[in-house]
file run.cif (mmCIF, C-alpha atoms (C1' of nucleotides))
data_start
loop_
_atom_site.label_atom_id
_atom_site.label_comp_id
_atom_site.auth_asym_id
_atom_site.auth_seq_id
_atom_site.Cartn_x
_atom_site.Cartn_y
_atom_site.Cartn_z
CA MET N 34 84.01 57.55 91.24
CA GLN N 35 86.68 56.29 93.57
CA GLU N 36 85.79 52.94 95.09
CA PRO N 37 85.38 52.57 98.83
CA SER N 38 88.67 50.70 98.56
CA GLU N 39 89.26 47.00 98.39
CA PRO N 40 89.32 45.25 101.74
CA GLY N 41 92.91 44.20 101.32
CA LEU N 42 94.56 47.44 100.21
CA PRO N 43 96.55 49.59 102.61
CA GLU N 44 94.39 52.64 101.85
CA THR N 45 96.17 55.77 102.87
CA VAL N 46 95.38 57.95 105.83
CA LEU N 47 92.67 60.37 104.66
CA VAL N 48 90.18 60.97 107.41
CA ASP N 49 86.57 61.16 106.36
CA PRO N 50 85.63 64.31 104.42
CA GLU N 51 83.34 65.65 107.09
CA ARG N 52 86.07 65.88 109.72
CA HIS N 53 88.57 66.99 107.14
CA VAL N 54 86.50 69.95 106.08
CA GLU N 55 85.96 70.87 109.71
CA SER N 56 89.70 71.23 110.28
CA PHE N 57 90.11 73.54 107.34
CA ARG N 58 87.08 75.55 108.32
CA GLN N 59 88.54 76.03 111.77
CA ALA N 60 91.87 77.14 110.33
CA ARG N 61 90.14 79.63 108.03
CA GLU N 62 88.14 81.03 110.90
CA ALA N 63 91.24 81.42 113.03
CA ARG N 64 92.87 83.34 110.21
CA ARG N 65 89.95 85.71 110.15
CA SER N 66 90.18 86.63 113.82
CA GLU N 67 93.95 86.73 113.94
CA LEU N 68 94.30 90.33 112.90
CA VAL N 69 91.65 91.58 115.27
CA GLU N 70 93.35 89.94 118.21
CA ASP N 71 96.76 91.16 117.15
CA TYR N 72 95.55 94.72 116.91
CA VAL N 73 93.67 94.71 120.19
CA GLU N 74 96.52 93.06 122.02
CA LEU N 75 99.02 95.51 120.59
CA ILE N 76 96.87 98.53 121.38
CA ASP N 77 96.55 97.36 124.94
CA ASP N 78 100.31 96.93 125.17
CA LEU N 79 100.99 100.38 123.76
CA ILE N 80 98.54 102.03 126.11
CA GLY N 81 100.06 100.17 129.03
CA ASP N 82 103.52 101.18 127.96
CA GLY N 83 103.19 104.77 126.85
CA GLY N 84 99.71 105.75 127.91
CA GLU N 85 98.52 106.04 124.33
CA ALA N 86 98.27 104.07 121.12
CA ARG N 87 98.90 106.13 118.03
CA GLN N 88 98.35 104.89 114.51
CA VAL N 89 101.96 105.50 113.55
CA ASP N 90 103.18 103.36 116.43
CA ILE N 91 100.75 100.57 115.68
CA ALA N 92 101.79 100.69 112.04
CA ALA N 93 105.47 100.61 112.95
CA ARG N 94 104.95 97.61 115.24
CA LEU N 95 102.91 95.64 112.76
CA GLY N 96 105.08 96.56 109.82
CA VAL N 97 102.26 97.98 107.74
CA ALA N 98 101.40 101.45 106.44
CA GLN N 99 99.40 103.93 108.48
CA PRO N 100 96.30 103.92 106.23
CA THR N 101 96.12 100.18 106.67
CA VAL N 102 95.93 100.73 110.40
CA ALA N 103 93.35 103.48 110.03
CA LYS N 104 91.12 101.20 108.02
CA MET N 105 91.40 98.38 110.52
CA LEU N 106 90.69 100.72 113.42
CA LYS N 107 87.48 101.75 111.74
CA ARG N 108 86.50 98.13 111.52
CA LEU N 109 87.44 97.52 115.14
CA CYS N 110 85.33 100.53 116.03
CA GLU N 111 82.33 99.08 114.23
CA GLU N 112 82.84 95.78 115.95
CA GLY N 113 82.91 97.53 119.29
CA PHE N 114 86.44 96.77 120.40
CA VAL N 115 87.92 100.25 120.23
CA GLN N 116 86.74 103.80 120.50
CA GLN N 117 88.34 106.65 118.64
CA ARG N 118 87.84 110.35 118.21
CA PRO N 119 89.05 111.97 114.99
CA TYR N 120 92.68 113.05 115.15
CA ARG N 121 92.86 111.81 118.71
CA GLY N 122 94.09 108.56 120.07
CA VAL N 123 92.41 105.21 120.09
CA PHE N 124 91.14 103.47 123.22
CA LEU N 125 89.85 100.04 124.01
CA THR N 126 86.27 99.48 125.03
CA GLU N 127 85.44 97.06 127.78
CA ALA N 128 85.00 94.31 125.20
CA GLY N 129 88.33 95.30 123.69
CA ARG N 130 90.10 95.06 127.00
CA ARG N 131 88.59 91.66 127.64
CA LEU N 132 89.67 90.39 124.23
CA ALA N 133 93.14 91.84 124.73
CA ALA N 134 93.55 90.19 128.10
CA GLN N 135 92.44 86.87 126.70
CA ALA N 136 94.74 87.15 123.68
CA ARG N 137 97.71 88.15 125.78
CA GLU N 138 97.10 85.26 128.17
CA ARG N 139 97.06 82.80 125.31
CA HIS N 140 100.13 84.39 123.78
CA ARG N 141 101.96 84.21 127.09
CA ILE N 142 101.09 80.57 127.63
CA VAL N 143 102.22 79.55 124.16
CA GLU N 144 105.46 81.46 124.42
CA ARG N 145 106.27 80.07 127.85
CA PHE N 146 105.39 76.62 126.70
CA LEU N 147 107.78 76.80 123.79
CA CYS N 148 110.52 78.04 126.07
CA ALA N 149 109.82 75.24 128.54
CA LEU N 150 110.12 72.82 125.66
CA GLY N 151 113.64 74.06 124.98
CA VAL N 152 113.03 76.43 122.12
CA SER N 153 115.14 79.57 122.18
CA PRO N 154 113.37 82.67 123.53
CA GLU N 155 113.69 84.52 120.24
CA THR N 156 112.16 81.71 118.21
CA ALA N 157 109.53 81.14 120.87
CA ARG N 158 108.41 84.73 120.59
CA ARG N 159 108.22 84.63 116.83
CA ASP N 160 106.49 81.27 116.52
CA ALA N 161 104.06 82.12 119.30
CA GLU N 162 102.80 85.03 117.24
CA GLY N 163 101.55 82.62 114.63
CA ILE N 164 100.63 79.63 116.75
CA GLU N 165 98.60 81.38 119.40
CA HIS N 166 95.63 81.80 117.10
CA HIS N 167 95.38 78.13 116.29
CA VAL N 168 95.41 76.45 119.67
CA SER N 169 92.09 75.22 120.97
CA ALA N 170 91.16 75.47 124.62
CA GLU N 171 92.13 71.86 125.16
CA THR N 172 95.58 72.25 123.63
CA LEU N 173 96.15 75.51 125.45
CA GLU N 174 95.45 73.81 128.75
CA ALA N 175 97.92 71.08 127.86
CA PHE N 176 100.50 73.75 127.07
CA ARG N 177 99.83 75.51 130.35
CA ALA N 178 100.07 72.36 132.39
CA PHE N 179 103.31 71.34 130.74
CA ALA N 180 104.96 74.72 131.20
CA GLU N 181 103.95 74.76 134.83
CA ARG N 182 105.28 71.27 135.46
CA ARG N 183 108.54 71.98 133.70
CA GLY N 184 109.76 75.48 132.94
CA GLY N 185 108.11 76.80 136.05
CA ALA N 186 108.45 80.58 135.82
CA MET L 240 106.48 111.11 121.27
CA GLN L 241 106.46 108.60 124.05
CA GLU L 242 109.45 108.91 126.33
CA PRO L 243 111.95 106.09 126.56
CA SER L 244 110.40 105.58 129.99
CA GLU L 245 111.54 106.83 133.33
CA PRO L 246 114.21 104.74 134.95
CA GLY L 247 111.99 103.85 137.89
CA LEU L 248 108.78 102.83 136.12
CA PRO L 249 107.85 99.20 135.60
CA GLU L 250 107.52 99.68 131.86
CA THR L 251 105.48 96.91 130.36
CA VAL L 252 106.74 94.08 128.23
CA LEU L 253 106.81 95.38 124.64
CA VAL L 254 109.83 94.07 122.81
CA ASP L 255 111.61 96.53 120.57
CA PRO L 256 109.70 97.44 117.41
CA GLU L 257 112.18 95.86 115.04
CA ARG L 258 111.74 92.39 116.49
CA HIS L 259 108.05 92.95 116.92
CA VAL L 260 107.52 93.72 113.28
CA GLU L 261 109.54 90.68 112.32
CA SER L 262 107.18 88.39 114.18
CA PHE L 263 104.16 89.79 112.42
CA ARG L 264 105.87 89.70 109.08
CA GLN L 265 106.65 86.02 109.62
CA ALA L 266 103.05 85.29 110.58
CA ARG L 267 101.79 87.08 107.46
CA GLU L 268 104.18 85.15 105.27
CA ALA L 269 103.09 81.87 106.77
CA ARG L 270 99.52 82.77 106.01
CA ARG L 271 100.43 83.29 102.39
CA SER L 272 101.93 79.86 101.89
CA GLU L 273 99.39 78.01 103.99
CA LEU L 274 96.89 77.44 101.24
CA VAL L 275 99.45 76.24 98.74
CA GLU L 276 100.71 73.63 101.16
CA ASP L 277 97.22 72.55 102.11
CA TYR L 278 96.27 72.03 98.50
CA VAL L 279 99.39 70.18 97.52
CA GLU L 280 99.26 67.96 100.56
CA LEU L 281 95.61 67.17 99.96
CA ILE L 282 96.13 66.44 96.27
CA ASP L 283 98.91 64.05 97.14
CA ASP L 284 96.68 62.31 99.65
CA LEU L 285 93.82 61.98 97.19
CA ILE L 286 96.07 60.57 94.50
CA GLY L 287 97.54 58.15 96.98
CA ASP L 288 94.11 57.11 98.11
CA GLY L 289 92.04 56.93 94.95
CA GLY L 290 94.56 57.28 92.18
CA GLU L 291 93.20 60.65 91.12
CA ALA L 292 92.45 64.09 92.51
CA ARG L 293 89.32 65.64 91.11
CA GLN L 294 88.28 69.21 91.70
CA VAL L 295 85.01 68.16 93.26
CA ASP L 296 86.79 65.98 95.80
CA ILE L 297 89.30 68.67 96.66
CA ALA L 298 86.48 71.15 97.06
CA ALA L 299 84.53 68.77 99.28
CA ARG L 300 87.57 68.17 101.50
CA LEU L 301 88.47 71.80 101.85
CA GLY L 302 84.91 72.93 102.30
CA VAL L 303 84.97 75.41 99.43
CA ALA L 304 83.23 75.66 96.07
CA GLN L 305 84.60 74.04 92.95
CA PRO L 306 85.44 77.29 91.11
CA THR L 307 87.55 78.30 94.09
CA VAL L 308 89.54 75.13 93.63
CA ALA L 309 89.82 75.66 89.89
CA LYS L 310 91.25 79.11 90.42
CA MET L 311 93.78 77.90 92.94
CA LEU L 312 94.83 75.02 90.69
CA LYS L 313 95.58 77.49 87.95
CA ARG L 314 97.80 79.35 90.35
CA LEU L 315 99.50 76.14 91.48
CA CYS L 316 100.06 75.33 87.82
CA GLU L 317 101.74 78.65 87.22
CA GLU L 318 103.90 78.16 90.28
CA GLY L 319 104.93 74.78 88.98
CA PHE L 320 103.50 72.53 91.66
CA VAL L 321 100.79 70.81 89.66
CA GLN L 322 100.10 69.90 86.09
CA GLN L 323 96.62 69.71 84.62
CA ARG L 324 95.04 68.98 81.32
CA PRO L 325 91.65 70.54 80.59
CA TYR L 326 88.80 68.34 81.75
CA ARG L 327 91.30 65.79 82.99
CA GLY L 328 92.67 65.26 86.42
CA VAL L 329 95.35 67.17 88.21
CA PHE L 330 98.79 65.78 88.98
CA LEU L 331 101.70 66.90 91.06
CA THR L 332 104.98 67.87 89.49
CA GLU L 333 108.23 66.81 91.05
CA ALA L 334 108.32 70.10 92.97
CA GLY L 335 104.75 69.50 94.05
CA ARG L 336 105.54 66.06 95.38
CA ARG L 337 108.49 67.41 97.28
CA LEU L 338 106.43 70.17 98.83
CA ALA L 339 103.67 67.69 99.68
CA ALA L 340 106.08 65.33 101.38
CA GLN L 341 107.56 68.13 103.38
CA ALA L 342 104.16 69.49 104.40
CA ARG L 343 102.89 66.08 105.38
CA GLU L 344 105.97 65.42 107.43
CA ARG L 345 105.50 68.63 109.36
CA HIS L 346 101.82 67.92 109.78
CA ARG L 347 102.55 64.46 111.08
CA ILE L 348 105.12 65.70 113.58
CA VAL L 349 102.83 68.39 114.94
CA GLU L 350 99.91 66.02 115.26
CA ARG L 351 101.96 63.34 116.98
CA PHE L 352 103.49 65.88 119.24
CA LEU L 353 100.10 67.12 120.39
CA CYS L 354 98.99 63.58 121.04
CA ALA L 355 102.14 62.87 122.99
CA LEU L 356 101.40 65.93 125.05
CA GLY L 357 98.06 64.45 126.04
CA VAL L 358 95.74 66.24 123.68
CA SER L 359 92.91 64.11 122.32
CA PRO L 360 93.47 62.75 118.80
CA GLU L 361 90.52 64.62 117.38
CA THR L 362 91.67 67.97 118.74
CA ALA L 363 95.25 67.19 117.77
CA ARG L 364 94.22 66.66 114.18
CA ARG L 365 92.22 69.86 114.04
CA ASP L 366 94.75 72.09 115.77
CA ALA L 367 97.61 70.63 113.76
CA GLU L 368 95.95 71.85 110.59
CA GLY L 369 96.41 75.42 111.77
CA ILE L 370 99.61 75.13 113.76
CA GLU L 371 101.73 73.28 111.21
CA HIS L 372 102.23 76.37 109.12
CA HIS L 373 103.60 78.43 111.95
CA VAL L 374 106.28 76.26 113.45
CA SER L 375 109.85 77.14 112.58
CA ALA L 376 112.47 74.48 111.96
CA GLU L 377 113.76 74.87 115.48
CA THR L 378 110.36 74.41 117.09
CA LEU L 379 109.53 71.52 114.80
CA GLU L 380 112.68 69.75 115.89
CA ALA L 381 111.74 70.31 119.52
CA PHE L 382 108.31 68.82 118.79
CA ARG L 383 109.84 65.84 117.07
CA ALA L 384 112.30 65.18 119.86
CA PHE L 385 109.62 65.41 122.50
CA ALA L 386 107.22 63.10 120.70
CA GLU L 387 109.97 60.58 120.20
CA ARG L 388 111.02 60.68 123.83
CA ARG L 389 107.47 60.38 125.08
CA GLY L 390 104.60 59.19 122.96
CA GLY L 391 106.87 56.94 120.95
CA ALA L 392 104.66 55.52 118.20
"C1'" DT J 6 101.41 133.81 116.70
"C1'" DC J 7 101.75 131.33 113.02
"C1'" DA J 8 104.20 128.32 109.80
"C1'" DA J 9 106.28 123.86 109.47
"C1'" DA J 10 106.28 119.20 110.97
"C1'" DA J 11 103.79 115.31 112.46
"C1'" DA J 12 99.84 112.68 112.70
"C1'" DT J 13 95.44 111.33 110.90
"C1'" DA J 14 91.84 111.00 107.29
"C1'" DT J 15 90.43 109.93 102.72
"C1'" DA J 16 90.61 108.46 97.92
"C1'" DG J 17 91.70 105.05 94.88
"C1'" DC J 18 94.14 100.96 93.39
"C1'" DG J 19 95.80 95.81 93.44
"C1'" DT J 20 95.69 91.03 94.85
"C1'" DG J 21 93.92 86.90 97.06
"C1'" DA J 22 90.32 83.94 98.12
"C1'" DG J 23 85.76 83.16 98.55
"C1'" DC J 24 80.95 82.93 96.21
"C1'" DT J 25 76.91 82.05 92.41
"C1'" DA J 26 75.51 81.43 87.87
"C1'" DT J 27 76.28 79.61 83.62
"C1'" DA J 28 78.67 77.55 79.60
"C1'" DC J 29 81.29 73.83 78.04
"C1'" DT J 30 83.20 68.68 77.67
"C1'" DC J 31 83.24 64.03 78.20
"C1'" DG J 32 81.61 59.45 78.87
"C1'" DG J 33 77.98 56.20 79.32
"C1'" DG J 34 73.10 54.49 78.70
"C1'" DG J 35 68.78 54.81 76.17
"C1'" DC F 15 73.76 57.82 67.79
"C1'" DC F 16 72.87 61.27 70.62
"C1'" DC F 17 71.58 63.04 74.73
"C1'" DC F 18 72.13 63.66 79.77
"C1'" DG F 19 74.47 63.99 83.87
"C1'" DA F 20 78.81 64.62 86.20
"C1'" DG F 21 82.67 67.24 86.14
"C1'" DT F 22 85.24 71.33 84.63
"C1'" DA F 23 85.82 76.07 82.84
"C1'" DT F 24 84.68 80.82 82.82
"C1'" DA F 25 82.47 85.22 84.01
"C1'" DG F 26 81.67 88.37 87.28
"C1'" DC F 27 80.72 89.62 91.89
"C1'" DT F 28 82.16 90.60 97.17
"C1'" DC F 29 85.17 91.33 100.93
"C1'" DA F 30 89.58 91.70 103.44
"C1'" DC F 31 93.88 93.74 103.66
"C1'" DG F 32 97.73 95.50 101.74
"C1'" DC F 33 99.66 99.88 99.18
"C1'" DT F 34 100.62 105.18 97.50
"C1'" DA F 35 99.25 109.75 97.15
"C1'" DT F 36 97.15 113.55 99.01
"C1'" DA F 37 94.17 116.43 102.03
"C1'" DT F 38 93.18 117.77 106.57
"C1'" DT F 39 94.04 118.53 111.38
"C1'" DT F 40 96.88 118.94 115.41
"C1'" DT F 41 101.09 119.99 117.64
"C1'" DT F 42 105.30 122.24 118.10
"C1'" DG F 43 108.81 125.55 118.12
"C1'" DA F 44 111.02 129.76 116.32
#
call {"tool": "encode", "arguments": {"input": "run.cif", "output": "structure tokens"}}
result
Amino acid sequence: MQEPSEPGLPETVLVDPERHVESFRQAREARRSELVEDYVELIDDLIGDGGEARQVDIAARLGVAQPTVAKMLKRLCEEGFVQQRPYRGVFLTEAGRRLAAQARERHRIVERFLCALGVSPETARRDAEGIEHHVSAETLEAFRAFAERRGGA
Amino acid sequence: MQEPSEPGLPETVLVDPERHVESFRQAREARRSELVEDYVELIDDLIGDGGEARQVDIAARLGVAQPTVAKMLKRLCEEGFVQQRPYRGVFLTEAGRRLAAQARERHRIVERFLCALGVSPETARRDAEGIEHHVSAETLEAFRAFAERRGGA
DNA sequence: TCAAAAATATAGCGTGAGCTATACTCGGGG
DNA sequence: CCCCGAGTATAGCTCACGCTATATTTTTGA
């Protein structure tokens, strides 16, 4: 039953269950939207770079097989982020472009922040890819402010 | 085929595909080990706090159902991180304790770092839960150094 | 022009992590 | 003593996201 703990014991950290569960729930949710943001951001980049985003290029960038990309694109279509015509390219909808811009902004801030902190550019790029999806608005603002104060750029 | 880009064009950011894919691969790998670390760390906390880690408590903390926990514990057993006897509690093996200590250390550093940066404690705790799994050794060291210089504590 | 190459679509499979429902154990109180 | 409730185990489902293999379509170049 686990006593509420004797008054005198040190009693380890353990926050209360309610807050604890909230943290994990947030992390799980972030994981769910990670892929969507990655795809949309990448598609936007590819279109900006080469004028088009082909499945093979997306697959090559993400390091997955082409059918995996095809399946995800179908989902993104259903969710209204991209538009695609069979055997033709894929384009972002207005919502897709908005999400891409937002994701890229966050990505940029995190990466710059890490650089400003003294992390090597290569590591900053790689870590940012994972971290960007887990920073809340408050933390992101702290990152932004710090990078501006220091690293400048 | 996407030309290598005309010499005069701005040509957007896009790092080369090889590095790009490496970032995503790293993020996917982190995602895979996240859960294991979360479980082991939590089990260690529960044992430290109440002397035992029951499935119901783990489930309540993580915000998932008990059978989900049972299934994961079986996996952790097979991977050699925990030891369990049917209808009895679950304990960490030596490897499990080592992993838990390491995970907690990283968690602690990230959380302190965020606090030192000016993020509110509540947000720091929640964001740390997601970020901790995506910081490389280099970035973690930068976090540690910064927190030590500033926030102290 | 038309056949081969490249890209996309589709089918079908595996694994991980979640769920509900239900069966089983164990320990404590009637 | 035995039954009941709390906790655990198990069965069986869904969904997301990988994969390979193969069919279809588009593009390209001889």
call {"tool": "axis_aligned_box", "arguments": {"input": "run.cif", "around": "range 371-380 of chain L", "padding_each_side": "5 Å", "output": "JSON"}}
result
{"center_x": 107.7, "center_y": 74.1, "center_z": 113.1, "size_x": 22.0, "size_y": 18.7, "size_z": 18.0}
call {"tool": "atom_distance", "arguments": {"input": "run.cif", "atom1": "CA of Gly369 in chain L", "atom2": "CA of His167 in chain N"}}
result
5.4 Å
call {"tool": "residues_around", "arguments": {"input": "run.cif", "residues": "Leu75 in chain N", "least_positions_apart": "6", "cutoff": "10 Å", "atoms": "all atoms listed in the file", "output": "list in words"}}
result
Val69, Gly81, Ala86, Asp90, Ile91, Arg94, Leu95, Ala133, Ala136 and Arg137 of chain N; Leu253 of chain L
call {"tool": "write_last_selection", "arguments": {"input": "run.cif", "atoms": "C-alpha atoms", "output": "PDB file, in the frame of the given file"}}
result
ATOM      1  CA  VAL N  69      91.650  91.580 115.270  1.00  0.00           C
ATOM      2  CA  GLY N  81     100.060 100.170 129.030  1.00  0.00           C
ATOM      3  CA  ALA N  86      98.270 104.070 121.120  1.00  0.00           C
ATOM      4  CA  ASP N  90     103.180 103.360 116.430  1.00  0.00           C
ATOM      5  CA  ILE N  91     100.750 100.570 115.680  1.00  0.00           C
ATOM      6  CA  ARG N  94     104.950  97.610 115.240  1.00  0.00           C
ATOM      7  CA  LEU N  95     102.910  95.640 112.760  1.00  0.00           C
ATOM      8  CA  ALA N 133      93.140  91.840 124.730  1.00  0.00           C
ATOM      9  CA  ALA N 136      94.740  87.150 123.680  1.00  0.00           C
ATOM     10  CA  ARG N 137      97.710  88.150 125.780  1.00  0.00           C
TER      11      ARG N 137
ATOM     12  CA  LEU L 253     106.810  95.380 124.640  1.00  0.00           C
TER      13      LEU L 253
END
call {"tool": "resolve_selection", "arguments": {"input": "run.cif", "expression": "the PyMOL selection byres ((chain J and resi 25) around 12)", "output": "NGL selection string"}}
result
(:L and (304-307)) or (:J and (23-24 or 26-27)) or (:F and (25-28))
call {"tool": "atom_distance", "arguments": {"input": "run.cif", "atom1": "CA of Glu377 in chain L", "atom2": "CA of Arg337 in chain L"}}
result
20.4 Å
call {"tool": "closest_atom_pairs", "arguments": {"input": "run.cif", "of": "chain N", "to": "chain L", "cutoff": "7 Å", "atoms": "all atoms listed in the file", "output": "tab-separated table"}}
result
residue	atom	partner	partner_atom	distance
N:Gln35	CA	L:Gly289	CA	5.6
N:Glu44	CA	L:Asp288	CA	5.8
N:Thr45	CA	L:Asp288	CA	5.4
N:Leu47	CA	L:Asp284	CA	6.7
N:Pro50	CA	L:Arg300	CA	5.2
N:His53	CA	L:Arg300	CA	5.8
N:Val54	CA	L:Leu301	CA	5.0
N:Ser56	CA	L:Arg365	CA	4.7
N:Phe57	CA	L:Leu301	CA	6.0
N:Arg58	CA	L:Gly302	CA	6.9
N:Ala60	CA	L:Gly369	CA	5.1
N:Asp78	CA	L:Leu253	CA	6.7
N:Gly81	CA	L:Thr251	CA	6.5
N:Asp82	CA	L:Thr251	CA	5.3
N:Gly83	CA	L:Gln241	CA	5.8
N:Ala93	CA	L:Pro256	CA	6.9
N:Arg94	CA	L:Val260	CA	5.1
N:Leu95	CA	L:Val260	CA	5.0
N:Gly96	CA	L:Val260	CA	5.1
N:Leu150	CA	L:Ala381	CA	6.8
N:Gly151	CA	L:Ala381	CA	6.9
N:Val152	CA	L:Thr378	CA	6.0
N:Arg159	CA	L:Ser262	CA	4.7
N:Asp160	CA	L:Val374	CA	5.9
N:Glu162	CA	L:Ser262	CA	6.3
N:Gly163	CA	L:Ala266	CA	5.1
N:Ile164	CA	L:Ile370	CA	5.5
N:His167	CA	L:Gly369	CA	5.4
N:Val168	CA	L:Asp366	CA	5.9
N:Ser169	CA	L:Asp366	CA	6.6
N:Glu171	CA	L:Val358	CA	6.8
N:Thr172	CA	L:Val358	CA	6.0
N:Ala175	CA	L:Val358	CA	6.8
call {"tool": "atom_distance", "arguments": {"input": "run.cif", "atom1": "C1' of DA22 in chain J", "atom2": "CA of Met311 in chain L"}}
result
8.7 Å
